file my_file_7.txt (compact mmCIF, C-alpha atoms)
# COMPACT_ATOMS: atom_id res chain seq x y z
CA MET A 255 24.40 27.58 15.29
CA ASN A 256 22.21 27.49 18.41
CA SER A 257 19.02 27.89 16.38
CA PHE A 258 20.10 25.07 14.11
CA ILE A 259 20.73 22.77 17.09
CA LYS A 260 17.32 23.64 18.57
CA ILE A 261 15.65 22.57 15.34
CA ILE A 262 17.55 19.27 15.42
CA PHE A 263 16.35 18.48 18.91
CA LEU A 264 12.81 19.62 18.24
CA PHE A 265 12.62 17.03 15.50
CA PHE A 266 14.47 14.45 17.58
CA GLY A 267 12.06 14.80 20.49
CA LEU A 268 9.07 14.40 18.21
CA GLN A 269 10.19 11.04 16.91
CA VAL A 270 9.64 9.25 20.23
CA GLY A 271 5.92 9.66 19.84
CA VAL A 272 5.72 9.31 16.08
CA PHE A 273 6.97 5.74 16.07
CA SER A 274 4.12 4.52 18.25
CA TYR A 275 1.31 6.11 16.33
CA GLY A 276 1.79 5.44 12.65
CA GLN A 277 -0.42 2.70 11.24
CA GLY A 278 2.81 1.17 9.95
CA PHE A 279 3.82 0.19 13.49
CA GLN A 280 0.47 -0.43 15.09
CA VAL A 281 0.30 -4.15 15.79
CA ASN A 282 -3.09 -5.68 14.96
CA PHE A 283 -2.23 -9.28 15.85
CA GLN A 284 -4.35 -10.12 18.89
CA GLY A 285 -6.10 -13.33 17.75
CA GLN A 286 -5.11 -16.02 15.25
CA LYS A 287 -8.66 -16.89 14.20
CA GLN A 288 -9.43 -13.22 13.59
CA GLN A 289 -6.13 -12.73 11.77
CA GLY A 290 -7.10 -15.44 9.32
CA MET A 291 -10.26 -13.44 8.52
CA GLY A 292 -8.62 -10.09 7.87
CA CYS A 293 -8.18 -9.28 11.60
CA ALA A 294 -11.97 -8.97 12.05
CA GLY A 295 -14.00 -10.51 14.85
CA ALA A 296 -16.02 -8.01 16.91
CA ALA A 297 -19.37 -9.65 16.10
CA LEU A 298 -18.78 -13.22 17.26
CA ASN A 299 -17.20 -15.22 20.05
CA LEU A 300 -14.39 -17.34 18.62
CA ASP A 301 -12.26 -17.99 21.71
CA ALA A 302 -10.76 -16.14 24.67
CA SER A 303 -9.25 -13.53 22.30
CA SER A 304 -12.72 -11.92 22.28
CA LEU A 305 -11.55 -10.27 25.50
CA PHE A 306 -9.67 -7.92 23.17
CA PHE A 307 -11.95 -7.74 20.13
CA ASN A 308 -15.23 -7.38 22.03
CA PRO A 309 -15.64 -8.15 25.77
CA GLY A 310 -19.39 -8.48 25.16
CA ALA A 311 -18.75 -11.51 22.97
CA SER A 312 -16.90 -13.25 25.82
CA ALA A 313 -20.21 -13.44 27.67
CA PHE A 314 -21.26 -16.22 25.28
CA ALA A 315 -18.39 -18.53 26.24
CA ASN A 316 -19.64 -21.89 27.52
CA LYS A 317 -16.23 -23.13 28.72
CA SER A 318 -13.18 -21.78 30.46
CA GLU A 319 -10.13 -21.35 28.24
CA VAL A 320 -6.45 -20.47 28.05
CA ASN A 321 -5.15 -19.10 24.74
CA LEU A 322 -1.45 -18.43 24.01
CA ALA A 323 -0.38 -16.96 20.67
CA GLY A 324 2.60 -15.43 18.90
CA THR A 325 3.26 -13.88 15.51
CA THR A 326 6.61 -13.36 13.79
CA ILE A 327 6.81 -10.19 11.70
CA PHE A 328 9.33 -10.00 8.86
CA ALA A 329 9.22 -6.35 7.77
CA HIS A 330 11.65 -4.31 5.70
CA VAL A 331 11.62 -0.80 4.28
CA LEU A 332 13.39 0.43 1.14
CA TYR A 333 13.99 4.17 0.87
CA THR A 334 14.90 5.79 -2.48
CA ASP A 335 16.01 9.41 -2.37
CA SER A 336 14.26 11.59 -4.96
CA THR A 337 17.35 13.69 -5.71
CA THR A 338 20.16 11.14 -5.84
CA GLN A 339 18.08 8.02 -6.61
CA THR A 340 20.23 6.25 -4.01
CA SER A 341 18.49 3.46 -2.09
CA PHE A 342 18.83 2.39 1.54
CA ARG A 343 17.28 -0.51 3.45
CA THR A 344 16.38 -1.27 7.03
CA GLN A 345 18.00 -4.18 8.86
CA ASN A 346 15.11 -4.86 11.21
CA PRO A 347 15.16 -7.81 13.59
CA VAL A 348 12.16 -10.13 13.52
CA GLY A 349 9.20 -8.69 15.46
CA THR A 350 7.46 -10.99 17.94
CA PRO A 351 4.11 -9.61 19.14
CA PHE A 352 2.27 -12.01 21.45
CA SER A 353 -1.03 -12.42 23.25
CA ALA A 354 -2.12 -14.44 26.26
CA TYR A 355 -5.74 -14.82 27.36
CA GLY A 356 -7.30 -16.55 30.32
CA LEU A 357 -11.11 -16.76 30.49
CA TYR A 358 -13.05 -18.36 33.35
CA HIS A 359 -16.70 -19.27 32.78
CA PHE A 360 -18.80 -19.59 35.93
CA LYS A 361 -21.29 -22.42 36.42
CA LYS A 362 -24.65 -22.83 38.19
CA SER A 363 -26.07 -19.62 39.70
CA LEU A 364 -23.28 -17.45 38.25
CA GLU A 365 -23.43 -19.14 34.84
CA PRO A 366 -24.04 -15.93 32.78
CA LEU A 367 -20.82 -14.40 34.20
CA SER A 368 -17.29 -14.76 32.80
CA ILE A 369 -14.09 -13.10 33.96
CA GLY A 370 -10.79 -12.92 32.12
CA LEU A 371 -7.32 -11.47 31.83
CA ALA A 372 -5.82 -10.38 28.53
CA VAL A 373 -2.13 -9.57 27.99
CA TYR A 374 -1.15 -8.35 24.51
CA THR A 375 1.18 -6.08 22.54
CA PRO A 376 -0.71 -3.52 20.42
CA PHE A 377 2.40 -1.42 19.74
CA GLY A 378 6.00 -2.50 19.39
CA SER A 379 8.81 -3.08 16.92
CA THR A 380 12.42 -2.23 16.11
CA VAL A 381 13.64 -0.15 13.16
CA GLN A 382 17.35 -0.36 12.28
CA TRP A 383 18.57 1.57 9.23
CA ASP A 384 21.74 0.99 7.20
CA PRO A 385 24.82 2.69 8.73
CA ASN A 386 25.52 6.11 7.17
CA TRP A 387 22.19 6.19 5.34
CA ILE A 388 21.02 9.56 4.04
CA GLY A 389 18.49 10.00 6.86
CA ARG A 390 20.82 9.17 9.75
CA PHE A 391 20.27 12.64 11.25
CA ALA A 392 16.58 11.77 11.53
CA LEU A 393 17.01 8.21 12.83
CA THR A 394 19.49 5.35 13.06
CA ARG A 395 17.65 2.97 15.38
CA LEU A 396 14.36 2.91 17.25
CA SER A 397 13.03 0.20 19.56
CA LEU A 398 9.58 0.31 21.12
CA LYS A 399 7.90 -2.14 23.48
CA ALA A 400 4.37 -1.81 24.87
CA ILE A 401 2.44 -4.46 26.81
CA PHE A 402 -1.22 -4.06 27.79
CA PHE A 403 -2.75 -5.83 30.81
CA GLN A 404 -6.55 -6.02 30.74
CA PRO A 405 -8.73 -7.66 33.45
CA THR A 406 -12.27 -8.04 32.08
CA PHE A 407 -15.82 -8.89 33.20
CA SER A 408 -18.47 -10.20 30.79
CA TYR A 409 -22.15 -10.91 31.45
CA ARG A 410 -24.77 -12.56 29.25
CA ILE A 411 -28.04 -10.75 29.92
CA SER A 412 -30.07 -13.05 27.67
CA GLU A 413 -29.52 -15.71 25.04
CA ARG A 414 -29.15 -12.89 22.51
CA PHE A 415 -27.44 -10.05 24.35
CA GLY A 416 -24.09 -9.87 26.14
CA LEU A 417 -21.92 -7.07 27.45
CA GLY A 418 -18.45 -6.72 28.93
CA ALA A 419 -15.87 -4.18 30.09
CA GLY A 420 -12.24 -4.13 31.12
CA PHE A 421 -9.57 -1.93 32.67
CA VAL A 422 -6.28 -1.41 30.82
CA LEU A 423 -2.81 -0.89 32.26
CA SER A 424 -0.13 -0.18 29.66
CA ASN A 425 3.57 -0.59 30.39
CA GLY A 426 6.17 0.28 27.77
CA SER A 427 9.67 1.44 26.93
CA VAL A 428 11.35 3.26 24.07
CA ASN A 429 14.93 3.70 22.84
CA LEU A 430 15.70 6.09 20.01
CA GLN A 431 19.08 6.85 18.47
CA LYS A 432 20.25 9.20 15.71
CA ASP A 433 23.39 10.96 14.54
CA ILE A 434 23.91 14.69 15.08
CA PRO A 435 25.48 16.78 12.24
CA ILE A 436 28.38 17.88 14.45
CA GLN A 437 31.83 16.38 13.77
CA ASP A 438 34.82 15.84 16.03
CA SER A 439 38.49 16.15 14.99
CA LEU A 440 38.37 12.65 13.48
CA GLY A 441 35.34 13.45 11.35
CA GLN A 442 32.97 11.37 13.48
CA PHE A 443 29.45 12.68 13.82
CA GLY A 444 27.88 13.21 17.20
CA HIS A 445 25.28 10.75 18.47
CA ALA A 446 22.16 11.11 20.61
CA GLU A 447 20.02 8.60 22.46
CA LEU A 448 16.69 8.96 24.24
CA ALA A 449 15.48 6.12 26.43
CA GLY A 450 12.59 5.93 28.84
CA LYS A 451 9.80 3.90 30.34
CA ALA A 452 6.13 4.80 29.96
CA ILE A 453 2.93 3.89 31.74
CA GLY A 454 -0.70 4.59 30.89
CA PHE A 455 -4.26 3.66 31.80
CA GLY A 456 -7.46 3.10 29.85
CA TYR A 457 -10.50 0.89 29.47
CA ASN A 458 -12.51 -1.01 26.91
CA GLY A 459 -16.06 -2.26 26.60
CA GLY A 460 -18.40 -3.91 24.16
CA ILE A 461 -21.78 -5.45 23.45
CA LEU A 462 -22.83 -8.34 21.24
CA TYR A 463 -26.38 -8.84 19.99
CA HIS A 464 -27.62 -11.92 18.14
CA VAL A 465 -30.38 -10.58 15.90
CA ASN A 466 -31.29 -14.15 14.96
CA HIS A 467 -29.52 -17.48 14.48
CA LYS A 468 -27.82 -16.22 11.28
CA PHE A 469 -26.95 -12.59 11.98
CA SER A 470 -25.13 -10.87 14.86
CA MET A 471 -23.84 -7.37 15.54
CA GLY A 472 -21.07 -6.19 17.85
CA LEU A 473 -19.95 -2.78 19.04
CA SER A 474 -16.70 -2.30 20.94
CA TYR A 475 -14.70 0.66 22.20
CA ARG A 476 -11.09 0.92 23.32
CA SER A 477 -10.27 4.19 25.03
CA LYS A 478 -7.38 6.53 24.46
CA VAL A 479 -4.34 5.70 26.59
CA ASN A 480 -2.01 8.52 27.61
CA MET A 481 1.47 7.07 27.90
CA SER A 482 3.43 9.14 30.41
CA VAL A 483 7.21 9.18 30.12
CA ASN A 484 8.81 10.47 33.33
CA ASN A 485 12.53 10.72 34.03
CA GLY A 486 13.56 9.39 30.64
CA ASN A 487 17.31 9.44 30.01
CA ALA A 488 18.80 11.70 27.34
CA SER A 489 22.49 11.08 26.55
CA PHE A 490 24.73 12.69 23.94
CA THR A 491 28.11 11.93 22.39
CA VAL A 492 29.54 15.24 21.08
CA PRO A 493 32.91 16.98 20.81
CA SER A 494 34.24 18.10 24.20
CA ALA A 495 33.74 21.76 23.31
CA LEU A 496 29.97 21.18 23.05
CA VAL A 497 29.44 18.96 26.10
CA SER A 498 28.00 21.85 28.12
CA SER A 499 25.49 22.55 25.35
CA PHE A 500 24.32 18.93 25.29
CA PRO A 501 24.19 17.85 28.95
CA ASN A 502 23.10 14.31 29.74
CA GLY A 503 19.88 14.47 31.73
CA THR A 504 16.22 13.53 31.90
CA PHE A 505 13.05 14.42 30.03
CA SER A 506 9.29 13.87 30.34
CA SER A 507 6.41 13.72 27.88
CA GLN A 508 2.82 12.63 27.29
CA LEU A 509 2.21 10.30 24.34
CA PRO A 510 -1.48 9.68 23.46
CA LEU A 511 -2.48 6.33 21.95
CA PRO A 512 -5.80 6.76 20.10
CA SER A 513 -9.22 5.38 20.93
CA VAL A 514 -10.81 2.83 18.57
CA LEU A 515 -14.55 2.38 17.94
CA THR A 516 -15.49 -0.81 16.06
CA LEU A 517 -18.75 -1.94 14.51
CA GLY A 518 -18.75 -5.65 13.73
CA LEU A 519 -21.15 -7.69 11.61
CA CYS A 520 -21.36 -11.47 11.23
CA PHE A 521 -23.51 -13.53 8.85
CA THR A 522 -23.70 -17.31 9.28
CA PRO A 523 -25.90 -18.71 6.49
CA ASN A 524 -25.35 -22.34 7.55
CA ALA A 525 -23.21 -24.55 9.77
CA LYS A 526 -20.32 -24.47 7.30
CA TRP A 527 -19.82 -20.77 6.53
CA SER A 528 -19.32 -17.55 8.49
CA PHE A 529 -18.72 -14.08 7.02
CA VAL A 530 -17.44 -11.18 9.12
CA LEU A 531 -16.87 -7.45 8.67
CA ASP A 532 -15.33 -4.93 11.09
CA ILE A 533 -15.37 -1.18 10.56
CA ASN A 534 -12.89 0.72 12.75
CA ARG A 535 -12.86 4.42 13.53
CA VAL A 536 -9.45 5.29 14.96
CA ASN A 537 -9.18 8.67 16.68
CA TRP A 538 -5.65 9.57 15.59
CA LYS A 539 -6.71 13.23 15.78
CA VAL A 540 -5.71 13.24 19.47
CA TYR A 541 -2.12 13.36 18.27
CA ASP A 542 -2.17 16.98 17.15
CA THR A 543 0.70 18.31 19.28
CA LEU A 544 3.64 16.75 21.09
CA ALA A 545 5.59 18.55 23.83
CA PHE A 546 8.86 17.51 25.49
CA ASP A 547 10.16 18.92 28.75
CA TYR A 548 13.90 18.57 29.39
CA ALA A 549 14.98 18.78 33.04
CA GLN A 550 18.08 20.77 32.11
CA ASN A 551 17.84 23.41 29.40
CA THR A 552 20.68 25.22 27.64
CA SER A 553 20.83 27.75 24.83
CA ALA A 554 21.04 24.78 22.44
CA LEU A 555 18.63 22.41 24.18
CA GLY A 556 15.22 23.84 24.98
CA ASP A 557 11.79 22.40 25.71
CA THR A 558 9.88 21.63 22.51
CA LYS A 559 6.30 21.85 21.30
CA SER A 560 5.20 21.14 17.78
CA ALA A 561 2.03 20.47 15.82
CA ARG A 562 1.77 17.01 14.22
CA ASN A 563 -1.75 17.28 12.75
CA TYR A 564 -2.58 13.60 12.47
CA LYS A 565 -6.08 12.85 11.27
CA SER A 566 -8.64 10.28 12.40
CA ILE A 567 -9.12 7.42 9.96
CA CYS A 568 -11.35 4.47 9.12
CA ALA A 569 -10.25 0.91 8.47
CA PHE A 570 -12.23 -1.97 6.99
CA ARG A 571 -11.49 -5.61 7.79
CA GLY A 572 -13.36 -8.68 6.63
CA GLY A 573 -13.19 -12.35 5.84
CA ALA A 574 -14.82 -15.76 5.82
CA ALA A 575 -14.45 -19.08 7.63
CA TYR A 576 -15.33 -22.49 6.25
CA THR A 577 -15.77 -25.47 8.59
CA ALA A 578 -14.72 -28.38 6.39
CA THR A 579 -14.91 -31.11 9.06
CA LYS A 580 -15.24 -31.37 12.82
CA LYS A 581 -11.47 -31.01 13.05
CA TRP A 582 -10.58 -28.54 10.28
CA THR A 583 -11.64 -24.93 9.66
CA PHE A 584 -10.14 -22.71 6.96
CA ARG A 585 -10.16 -18.91 6.77
CA LEU A 586 -9.49 -16.15 4.24
CA GLY A 587 -9.67 -12.36 4.55
CA GLY A 588 -8.20 -8.94 3.98
CA GLY A 589 -8.55 -5.29 4.80
CA PHE A 590 -7.94 -1.69 3.87
CA GLY A 591 -6.90 1.18 6.13
CA PHE A 592 -6.37 4.85 5.44
CA THR A 593 -3.18 6.39 6.79
CA PRO A 594 -3.38 8.97 9.61
CA VAL A 595 -0.07 10.54 8.52
CA GLN A 596 -0.68 13.59 6.39
CA SER A 597 1.62 14.79 3.62
CA GLY A 598 4.71 16.50 4.97
CA TYR A 599 4.88 14.34 8.11
CA VAL A 600 6.11 10.99 6.79
CA THR A 601 9.22 9.89 8.71
CA PRO A 602 11.67 6.94 8.65
CA GLU A 603 9.84 5.55 11.71
CA THR A 604 6.39 5.73 10.08
CA PRO A 605 6.74 5.55 6.29
CA ASP A 606 3.00 5.00 6.31
CA ALA A 607 0.54 4.88 3.43
CA ASN A 608 -2.97 3.70 2.73
CA ARG A 609 -2.71 -0.02 3.38
CA LEU A 610 -4.20 -3.02 1.58
CA TYR A 611 -3.43 -6.48 2.98
CA GLY A 612 -4.48 -10.12 2.73
CA THR A 613 -4.68 -12.95 5.26
CA CYS A 614 -5.44 -16.63 5.50
CA GLY A 615 -5.47 -19.27 8.22
CA PHE A 616 -6.77 -22.54 9.61
CA SER A 617 -7.72 -24.29 12.85
CA PHE A 618 -7.18 -27.91 13.85
CA THR A 619 -9.28 -29.27 16.72
CA ALA A 620 -7.53 -32.28 18.22
CA ASN A 621 -10.21 -33.06 20.80
CA HIS A 622 -12.76 -31.38 23.08
CA HIS A 623 -10.00 -29.65 25.01
CA PHE A 624 -7.13 -28.82 22.68
CA SER A 625 -6.89 -26.94 19.36
CA ILE A 626 -4.30 -25.14 17.25
CA ASP A 627 -4.81 -22.02 15.10
CA ALA A 628 -2.48 -20.55 12.49
CA SER A 629 -2.60 -17.49 10.26
CA LEU A 630 -0.61 -15.64 7.61
CA TYR A 631 -0.61 -11.88 6.92
CA ALA A 632 1.03 -10.06 3.99
CA THR A 633 1.11 -6.45 2.80
CA ARG A 634 3.06 -4.05 0.60
CA MET A 635 2.73 -0.27 0.57
CA GLN A 636 4.52 2.71 -0.93
CA ARG A 637 4.62 6.41 -0.07
CA THR A 638 6.49 9.36 -1.59
CA ASP A 639 6.75 12.47 0.55
CA LYS A 640 8.95 15.41 1.59
CA ASN A 641 9.18 15.87 5.35
CA LEU A 642 8.60 19.46 6.45
CA GLU A 643 11.02 19.21 9.38
CA THR A 644 14.01 17.41 7.86
CA GLN A 645 13.44 18.01 4.12
CA LEU A 646 13.99 14.25 3.66
CA ASN A 647 12.44 13.71 0.22
CA GLY A 648 11.96 10.26 -1.26
CA THR A 649 9.92 7.09 -1.60
CA PHE A 650 9.43 4.51 1.12
CA THR A 651 8.43 0.97 0.08
CA THR A 652 7.40 -1.29 2.94
CA MET A 653 6.86 -5.05 2.78
CA ALA A 654 5.66 -7.18 5.69
CA PHE A 655 5.06 -10.91 6.03
CA ALA A 656 3.72 -12.31 9.32
CA PRO A 657 2.92 -15.97 10.13
CA GLY A 658 1.40 -16.74 13.51
CA ILE A 659 0.20 -19.63 15.67
CA SER A 660 -1.86 -20.11 18.84
CA LEU A 661 -2.54 -22.97 21.28
CA ASN A 662 -5.92 -23.28 22.99
CA TYR A 663 -7.02 -25.36 25.94
CA ARG A 664 -10.64 -25.52 27.11
CA TRP A 665 -12.33 -27.18 30.03
call {"tool": "encode", "arguments": {"input": "my_file_7.txt", "output": "structure tokens"}}
result
Amino acid sequence: MNSFIKIIFLFFGLQVGVFSYGQGFQVNFQGQKQQGMGCAGAALNLDASSLFFNPGASAFANKSEVNLAGTTIFAHVLYTDSTTQTSFRTQNPVGTPFSAYGLYHFKKSLEPLSIGLAVYTPFGSTVQWDPNWIGRFALTRLSLKAIFFQPTFSYRISERFGLGAGFVLSNGSVNLQKDIPIQDSLGQFGHAELAGKAIGFGYNGGILYHVNHKFSMGLSYRSKVNMSVNNGNASFTVPSALVSSFPNGTFSSQLPLPSVLTLGLCFTPNAKWSFVLDINRVNWKVYDTLAFDYAQNTSALGDTKSARNYKSICAFRGGAAYTATKKWTFRLGGGFGFTPVQSGYVTPETPDANRLYGTCGFSFTANHHFSIDASLYATRMQRTDKNLETQLNGTFTTMAFAPGISLNYRW
């Protein structure tokens, strides 16, 4: 019995980190113009959102700007068990990732210098499965929030070359719940909940080089961020006879968010058209092992350490923009990303698969100061796998639809 309970909590502890890392829950909505072009934009300065995509591109800003944006994510997962052919669905609330950018462009003697502050949500969502679904001992509900704060400096060395760098502070929280296969006298299963706050630090930097008036290249790097969870709360609802085996207490852990290296290319053949391509290398390999340290151990609840064996992956994003008039610009794009989750490690939190998606968008420029951007993102993916820890064996089908909008003010 004790060995069985240890296995349960080993798996339970691992899920806190898994949710944050799967491509399925990595939020790539940091700029509406870029989202309209397949979420690519490292090789050109579109607006203040370049603080995220490539700080070197922000050096080419000729005005100060405030940019506020939000995206609504409608995402649902259907799970079909391979043995029983029974299906279960998630009841996820609408996701609302946001971004806020402020960029100040200096004049006169400091004219090549720009400073900015970026606030955005690269990870975050809520997964809520049907009550009494077949995987309730793996997960019933998981909520994750992560907000990055990034002060940035950008400097234009010449008319062709710019560079920039920023410091990142990450603040987040997580709440995970699942049932425990232990029943009380009324036949009710036990329940467990882990909740904690996390903080981490990192940096980013980038360069942008205009080869000529038609072609530009960008290179950006976002560092790994180690999210530290200290004094998280672990609480358990179990039969009274097992309370001493499942004491409420605290836990700590280190959760690594991967670094991202991006090469961006932009081709502008004329004043009407722009074509962009971003190639990302995401270092998911840093997530090879996850350890959890519980402040109070028992024969049933011990510290855990387990290999996860994620792999680094590449993603390709591209698109085009067409300037129809002085007021209207239209965009179209898409992308493909390999999954970092290897066979045997697919979970209800990250039913991830190789992903193909499409996007579109537009901009409306009201005057020299004010403009509005909008985008639309859609994807569908499917993955069949048998989890090595839980033996959960079935097919996950994920569909996501995400419209977004931003408001821009320049002066």
call {"tool": "residues_around", "arguments": {"input": "my_file_7.txt", "residues": "A:Gln339", "least_positions_apart": "4", "cutoff": "10 Å", "atoms": "all atoms listed in the file", "output": "PyMOL selection string"}}
result
chain A and resi 333-335+648-649
call {"tool": "closest_residue", "arguments": {"input": "my_file_7.txt", "among": "A:Lys432, A:Lys451, A:Arg535, A:Lys526", "to": "A:Leu473", "atoms": "only C-alpha atoms"}}
result
A:Arg535
call {"tool": "closest_atom_pairs", "arguments": {"input": "my_file_7.txt", "of": "stretch 601-641 of chain A", "to": "stretch 373-384 of chain A", "cutoff": "10 Å", "atoms": "all atoms listed in the file", "output": "CSV"}}
result
residue,atom,partner,partner_atom,distance
A:Pro602,CA,A:Val381,CA,8.6
A:Glu603,CA,A:Val381,CA,7.0
A:Thr604,CA,A:Val381,CA,9.8
call {"tool": "atom_distance", "arguments": {"input": "my_file_7.txt", "atom1": "atom CA of A:Pro366", "atom2": "atom CA of A:Tyr409"}}
result
5.5 Å
call {"tool": "closest_residue", "arguments": {"input": "my_file_7.txt", "among": "A:Phe616, A:Pro510, A:Ser303, A:Asp557", "to": "A:Thr579", "atoms": "only C-alpha atoms"}}
result
A:Phe616
call {"tool": "closest_residue", "arguments": {"input": "my_file_7.txt", "among": "A:Leu531, A:Ile388, A:Leu517, A:Leu332", "to": "A:Met635", "atoms": "only C-alpha atoms"}}
result
A:Leu332
call {"tool": "closest_residue", "arguments": {"input": "my_file_7.txt", "among": "A:Trp582, A:Phe521, A:Phe307, A:Tyr599", "to": "A:Leu642", "atoms": "only C-alpha atoms"}}
result
A:Tyr599
